[in-house]
Amino acid sequence: MDIHFSRFSVLLLFLCSWNSFITTEAYDALDPTGNITIKWDIMSWTPDGYVAVVTIFNFQQYRHIQAPGWQLGWSWMKKEVIWSMVGAQATEQGDCSKFKGNIPHCCKKTPTIVDLLPGTPYTQQISNCCRGGVISSWAQDPATAISSFQISVGQSGTTNTTVRAPRNVTLKGPGPGYTCGPAQIVKPSKFISADKRRKTQALFTWNITCTYSQFLARKTPTCCVSLSSFYNETIVPCPTCSCGCQNSSQPGSCVDPKIALVVPASGKNSLEPLLQCTKHMCPIRVHWHVKTNYKEYWRVKVAITNFNYNMNYSQWNLVVQHPNFDNITQLFSFNYKPLTPYADINDTAMLWGIKFYNDLLSQAGPVGNVQSELLFRKDPSKFTFEKGWGFPRRIYFNGDNCVMPSPDSYPWLPNATPNLSTSPIIILLITFFSFLILM
C-alpha cells in the first residue's frame, strides 16, 4: 500500500512539475516585469457609442515587434461596429449590408486591426501611428516603443455602466507568442497639453496586459551560437540540428548558397523562412571569438549572420550574459546598455546596431551580417581563460534564447585537458589501483 502510494505521489509531483514548466515559459528572468500593455481610453461619447484612443505600450526591455508589424484582434461583447478609424485600419470590412447611407469601416464580430504604413496622409494620422506596426523595445528607444490609433465605435453603450470592453484580445507581434489577459478597469488616463499648463483625462479606461512566451511563439529555436578563440585552433560550430534538420524528403526545405541568387524568395519579411542549407538550420547564428589577450584587457569579436533569405531584421538586438560585463571598457559599432534585473549583479548586456549604420541585419547573402568588437578590463580576482570562462553563459537574439554548444566542447587552453575521463591511460591507471586496493 505504501509503495503504491509513494509511486502515485511521485507521479503526481512529476505532473505538477511538468505543468509548472509549461506555465512559467512566459516568465523572463532577465526582464521579469516586461510586458505589452494595451490602454483603451474612451475620450468622448457619441449618439450610439464612443470615440477611443487605443495605445500599445511595449514595456519589454529587449523584445520588439519587427516588420511586418503587430496585429490586434478581439471579440465584441454586443453588436458593436467600427464607424471609422484614424492611424490604423481593419483588415476586413465584414458584412455591412444592413446599413444604408453611412457604411461602417468594419462590421465584423472579431475584427483584426493593423497599423498604417509610413507615408500615410496626415489627415489619417494621429501621434505614434503609421510605422507599419513596428514597435521598438523599451531599452532601445522608448519614444518609438508606443503605437496608437483612434477608433469610433457604434451600437455600444454610451455611459460608463453600459459600455462593454472587448474580450478575447489577441496580439501578434508579428507572429504568435503573446497571450493577453482580460480587460481591467483602471483609473482614467491623464493627458498634459502641449504647453504643459492644462491636464485632461479620459472618460473611461481599460488596460489589457499581454505577455510573451517563446514556447508558444514557435516549436523550434531561431538562433544558435558558435565559439572560437585565439589560443585554440578548434572552431566550435552550432550544435547540429539546433533549429531543425535538413529534410531530405523535401528538397525545397532549404536553399544551397551556390544557387541562392537564382532562386526567387517568397517575399521580404515573410514569417515563412527560406533558409540557407546548414547543419544547424537556424535563421540566425551568433559567433563569439575570443580575439586578443592584453596585460590588463582582453578583446572579443561578435558576429551575427543571417541565414534567412526571407527576412531583413530591423532594429535587431542581442542580449549576452557574461561575468565580465561589469568591466566592459569599449564597444565598436554597437550600442550598449546594461540590464540589471537583480540590482547589484551586472553580468548582462544588451547590444544593438547604430541607427542608419548597422541597425538593419539584411537577408542572407553577402551583406547578411553585422559584427563588432568588445574590450573588457581584467578583474584579477576572477579573470581566467580556463574552463571556458571567456565564453558567454547565455545569448538571446531579438528576445529568443539561442542554442549554445555543449560546455565540454568549448575551446580549451593548450595546457588544459578537456576530458580526463576519456583518456585510456587514466582509465588503465584507475583500474590498476582499484585492483590493488581490492587485493
# chains A, B, ... in the order shown; residues from 1 in each chain; ligands from 1
>>> residues_around(residues="Lys291 of chain A", least_positions_apart="5", cutoff="8 Å", atoms="only C-alpha atoms", output="list in words")
Ser229, Phe230, Trp298, Arg299, Val300 and Lys301 of chain A
>>> select_by_dssp(residues="segment 198-421 of chain A", states="strand (DSSP E)", output="PyMOL selection string")
chain A and resi 199-201+204-212+223-229+232-236+284-293+297-306+313-314+317-321+328-332+334-339+348-353+360-361+369-377+394-397+400-401
>>> residues_around(residues="Val290 of chain A", least_positions_apart="3", cutoff="12 Å", atoms="only C-alpha atoms", output="MDAnalysis selection string")
chainID A and resid 226:233 235 287 293:294 297:303 373:376 385 388:392 410:413
>>> closest_residue(among="A:Ala217, A:Val163, A:Leu275, A:Leu360", to="Thr46 of chain A", atoms="only C-alpha atoms")
A:Val163
>>> closest_atom_pairs(of="segment 210-240 of chain A", to="segment 395-406 of chain A", cutoff="6 Å", atoms="only C-alpha atoms", output="Markdown table")
| residue | atom | partner | partner_atom | distance |
| --- | --- | --- | --- | --- |
| A:Cys223 | CA | A:Cys402 | CA | 4.7 |
| A:Cys224 | CA | A:Val403 | CA | 4.4 |
| A:Val225 | CA | A:Met404 | CA | 5.2 |
| A:Pro239 | CA | A:Pro405 | CA | 5.7 |
>>> write_last_selection(atoms="all heavy atoms", output="PDB file, in the first residue's frame")
ATOM      1  N   CYS A 223      17.853  30.681 -33.231  1.00  0.00           N
ATOM      2  CA  CYS A 223      19.242  31.117 -33.319  1.00  0.00           C
ATOM      3  C   CYS A 223      20.138  30.128 -32.580  1.00  0.00           C
ATOM      4  O   CYS A 223      19.680  29.359 -31.731  1.00  0.00           O
ATOM      5  CB  CYS A 223      19.416  32.527 -32.740  1.00  0.00           C
ATOM      6  SG  CYS A 223      18.815  32.710 -31.045  1.00  0.00           S
ATOM      7  N   CYS A 224      21.412  30.165 -32.925  1.00  0.00           N
ATOM      8  CA  CYS A 224      22.390  29.303 -32.262  1.00  0.00           C
ATOM      9  C   CYS A 224      23.707  30.057 -32.127  1.00  0.00           C
ATOM     10  O   CYS A 224      23.904  31.122 -32.725  1.00  0.00           O
ATOM     11  CB  CYS A 224      22.580  27.995 -33.030  1.00  0.00           C
ATOM     12  SG  CYS A 224      23.253  28.216 -34.697  1.00  0.00           S
ATOM     13  N   VAL A 225      24.618  29.493 -31.340  1.00  0.00           N
ATOM     14  CA  VAL A 225      25.879  30.159 -31.019  1.00  0.00           C
ATOM     15  C   VAL A 225      27.051  29.247 -31.392  1.00  0.00           C
ATOM     16  O   VAL A 225      27.023  28.045 -31.115  1.00  0.00           O
ATOM     17  CB  VAL A 225      25.953  30.496 -29.515  1.00  0.00           C
ATOM     18  CG1 VAL A 225      27.277  31.179 -29.169  1.00  0.00           C
ATOM     19  CG2 VAL A 225      24.776  31.387 -29.112  1.00  0.00           C
ATOM     20  N   PRO A 239      25.506  23.525 -32.562  1.00  0.00           N
ATOM     21  CA  PRO A 239      25.137  22.107 -32.494  1.00  0.00           C
ATOM     22  C   PRO A 239      24.310  21.695 -33.715  1.00  0.00           C
ATOM     23  O   PRO A 239      23.476  22.458 -34.206  1.00  0.00           O
ATOM     24  CB  PRO A 239      24.312  22.017 -31.213  1.00  0.00           C
ATOM     25  CG  PRO A 239      24.786  23.159 -30.377  1.00  0.00           C
ATOM     26  CD  PRO A 239      25.111  24.255 -31.342  1.00  0.00           C
TER      27      PRO A 239
END
>>> closest_residue(among="A:Ile284, A:Met77, A:Cys241, A:Ala145", to="Ala165 of chain A", atoms="only C-alpha atoms")
A:Met77
>>> residues_around(residues="Leu361 of chain A", least_positions_apart="5", cutoff="9 Å", atoms="only C-alpha atoms", output="PyMOL selection string")
chain A and resi 304-306+311-316+353+367-370
>>> closest_residue(among="A:Tyr212, A:Trp83, A:Phe99, A:Tyr336", to="Ile36 of chain A", atoms="only C-alpha atoms")
A:Tyr212
>>> residues_around(residues="Asp347 of chain A", least_positions_apart="6", cutoff="9 Å", atoms="only C-alpha atoms", output="list of chain:residue names")
A:Val320, A:Gln321, A:His322, A:Pro323, A:Asn324, A:Phe325, A:Asp326, A:Pro338, A:Leu339, A:Thr340
>>> write_last_selection(atoms="N, CA, C and O atoms", output="mmCIF file, in the first residue's frame")
data_model
loop_
_atom_site.group_PDB
_atom_site.id
_atom_site.type_symbol
_atom_site.label_atom_id
_atom_site.label_comp_id
_atom_site.auth_asym_id
_atom_site.auth_seq_id
_atom_site.Cartn_x
_atom_site.Cartn_y
_atom_site.Cartn_z
ATOM 1 N N VAL A 320 23.462 39.374 -23.981
ATOM 2 C CA VAL A 320 24.546 38.440 -23.662
ATOM 3 C C VAL A 320 24.798 38.446 -22.164
ATOM 4 O O VAL A 320 24.867 39.513 -21.543
ATOM 5 N N GLN A 321 24.962 37.251 -21.603
ATOM 6 C CA GLN A 321 25.331 37.105 -20.194
ATOM 7 C C GLN A 321 26.783 36.659 -20.092
ATOM 8 O O GLN A 321 27.171 35.633 -20.660
ATOM 9 N N HIS A 322 27.584 37.454 -19.385
ATOM 10 C CA HIS A 322 28.986 37.115 -19.112
ATOM 11 C C HIS A 322 29.424 37.881 -17.863
ATOM 12 O O HIS A 322 29.116 39.063 -17.716
ATOM 13 N N PRO A 323 30.158 37.234 -16.950
ATOM 14 C CA PRO A 323 30.507 37.898 -15.687
ATOM 15 C C PRO A 323 31.416 39.107 -15.827
ATOM 16 O O PRO A 323 31.519 39.900 -14.894
ATOM 17 N N ASN A 324 32.054 39.299 -16.992
ATOM 18 C CA ASN A 324 32.970 40.431 -17.138
ATOM 19 C C ASN A 324 32.299 41.683 -17.706
ATOM 20 O O ASN A 324 32.968 42.699 -17.939
ATOM 21 N N PHE A 325 30.987 41.650 -17.902
ATOM 22 C CA PHE A 325 30.315 42.853 -18.405
ATOM 23 C C PHE A 325 30.304 43.981 -17.370
ATOM 24 O O PHE A 325 29.989 45.124 -17.714
ATOM 25 N N ASP A 326 30.618 43.673 -16.126
ATOM 26 C CA ASP A 326 30.737 44.749 -15.142
ATOM 27 C C ASP A 326 32.008 45.566 -15.346
ATOM 28 O O ASP A 326 32.182 46.615 -14.737
ATOM 29 N N PRO A 338 23.504 48.150 -20.035
ATOM 30 C CA PRO A 338 23.483 47.054 -19.056
ATOM 31 C C PRO A 338 22.053 46.731 -18.629
ATOM 32 O O PRO A 338 21.221 47.624 -18.486
ATOM 33 N N LEU A 339 21.774 45.449 -18.465
ATOM 34 C CA LEU A 339 20.494 45.000 -17.921
ATOM 35 C C LEU A 339 20.755 44.447 -16.533
ATOM 36 O O LEU A 339 21.525 43.492 -16.376
ATOM 37 N N THR A 340 20.151 45.058 -15.548
ATOM 38 C CA THR A 340 20.417 44.663 -14.160
ATOM 39 C C THR A 340 19.109 44.357 -13.435
ATOM 40 O O THR A 340 18.672 45.127 -12.577
#
>>> closest_residue(among="A:Ser242, A:Thr123, A:Thr220, A:Ser136", to="Thr278 of chain A", atoms="only C-alpha atoms")
A:Ser242
>>> atom_distance(atom1="atom CA of Trp70 of chain A", atom2="atom CA of Asn128 of chain A")
13.7 Å
>>> atom_distance(atom1="atom CA of Val153 of chain A", atom2="atom CA of Ser84 of chain A")
7.6 Å
>>> closest_residue(among="A:Ile113, A:Ser75, A:His64, A:Ile42", to="Glu92 of chain A", atoms="only C-alpha atoms")
A:Ile113
>>> closest_residue(among="A:Thr161, A:Ser152, A:Gln214, A:Asn102", to="Asp28 of chain A", atoms="only C-alpha atoms")
A:Gln214
>>> select_by_dssp(residues="segment 51-223 of chain A", states="helix (DSSP H, G or I)", output="list in words")
Tyr122, Thr123, Gln124, Pro142, Ala143, Thr144, Gln214, Phe215, Leu216 and Ala217 of chain A
>>> atom_distance(atom1="atom CA of Trp76 of chain A", atom2="atom CA of Met43 of chain A")
18.9 Å
>>> residues_around(residues="Gly365 of chain A", least_positions_apart="4", cutoff="10 Å", atoms="only C-alpha atoms", output="PDB file with N, CA and C atoms, in the first residue's frame")
ATOM      1  N   PRO A 257      23.568  27.670 -50.862  1.00  0.00           N
ATOM      2  CA  PRO A 257      24.046  29.049 -51.103  1.00  0.00           C
ATOM      3  C   PRO A 257      24.601  29.268 -52.505  1.00  0.00           C
ATOM      4  N   ALA A 260      21.485  30.140 -54.438  1.00  0.00           N
ATOM      5  CA  ALA A 260      20.523  31.007 -53.757  1.00  0.00           C
ATOM      6  C   ALA A 260      20.208  32.261 -54.567  1.00  0.00           C
ATOM      7  N   LEU A 261      21.177  32.777 -55.299  1.00  0.00           N
ATOM      8  CA  LEU A 261      20.969  34.023 -56.025  1.00  0.00           C
ATOM      9  C   LEU A 261      19.974  33.881 -57.168  1.00  0.00           C
ATOM     10  N   GLN A 276      19.133  29.126 -45.763  1.00  0.00           N
ATOM     11  CA  GLN A 276      20.308  28.539 -46.395  1.00  0.00           C
ATOM     12  C   GLN A 276      20.569  27.177 -45.764  1.00  0.00           C
ATOM     13  N   THR A 305      25.157  36.457 -38.136  1.00  0.00           N
ATOM     14  CA  THR A 305      24.949  36.116 -39.542  1.00  0.00           C
ATOM     15  C   THR A 305      23.502  35.685 -39.764  1.00  0.00           C
ATOM     16  N   ASN A 306      22.903  36.226 -40.805  1.00  0.00           N
ATOM     17  CA  ASN A 306      21.522  35.902 -41.171  1.00  0.00           C
ATOM     18  C   ASN A 306      21.524  34.830 -42.254  1.00  0.00           C
ATOM     19  N   PHE A 307      20.868  33.700 -42.001  1.00  0.00           N
ATOM     20  CA  PHE A 307      20.753  32.617 -42.973  1.00  0.00           C
ATOM     21  C   PHE A 307      19.350  32.532 -43.569  1.00  0.00           C
ATOM     22  N   ASN A 308      18.537  33.557 -43.336  1.00  0.00           N
ATOM     23  CA  ASN A 308      17.154  33.574 -43.807  1.00  0.00           C
ATOM     24  C   ASN A 308      17.043  34.508 -45.008  1.00  0.00           C
ATOM     25  N   TYR A 309      16.652  33.967 -46.155  1.00  0.00           N
ATOM     26  CA  TYR A 309      16.517  34.776 -47.367  1.00  0.00           C
ATOM     27  C   TYR A 309      15.213  35.572 -47.385  1.00  0.00           C
ATOM     28  N   ASN A 369      25.203  40.171 -42.559  1.00  0.00           N
ATOM     29  CA  ASN A 369      25.901  40.004 -41.277  1.00  0.00           C
ATOM     30  C   ASN A 369      26.262  41.362 -40.704  1.00  0.00           C
TER      31      ASN A 369
END
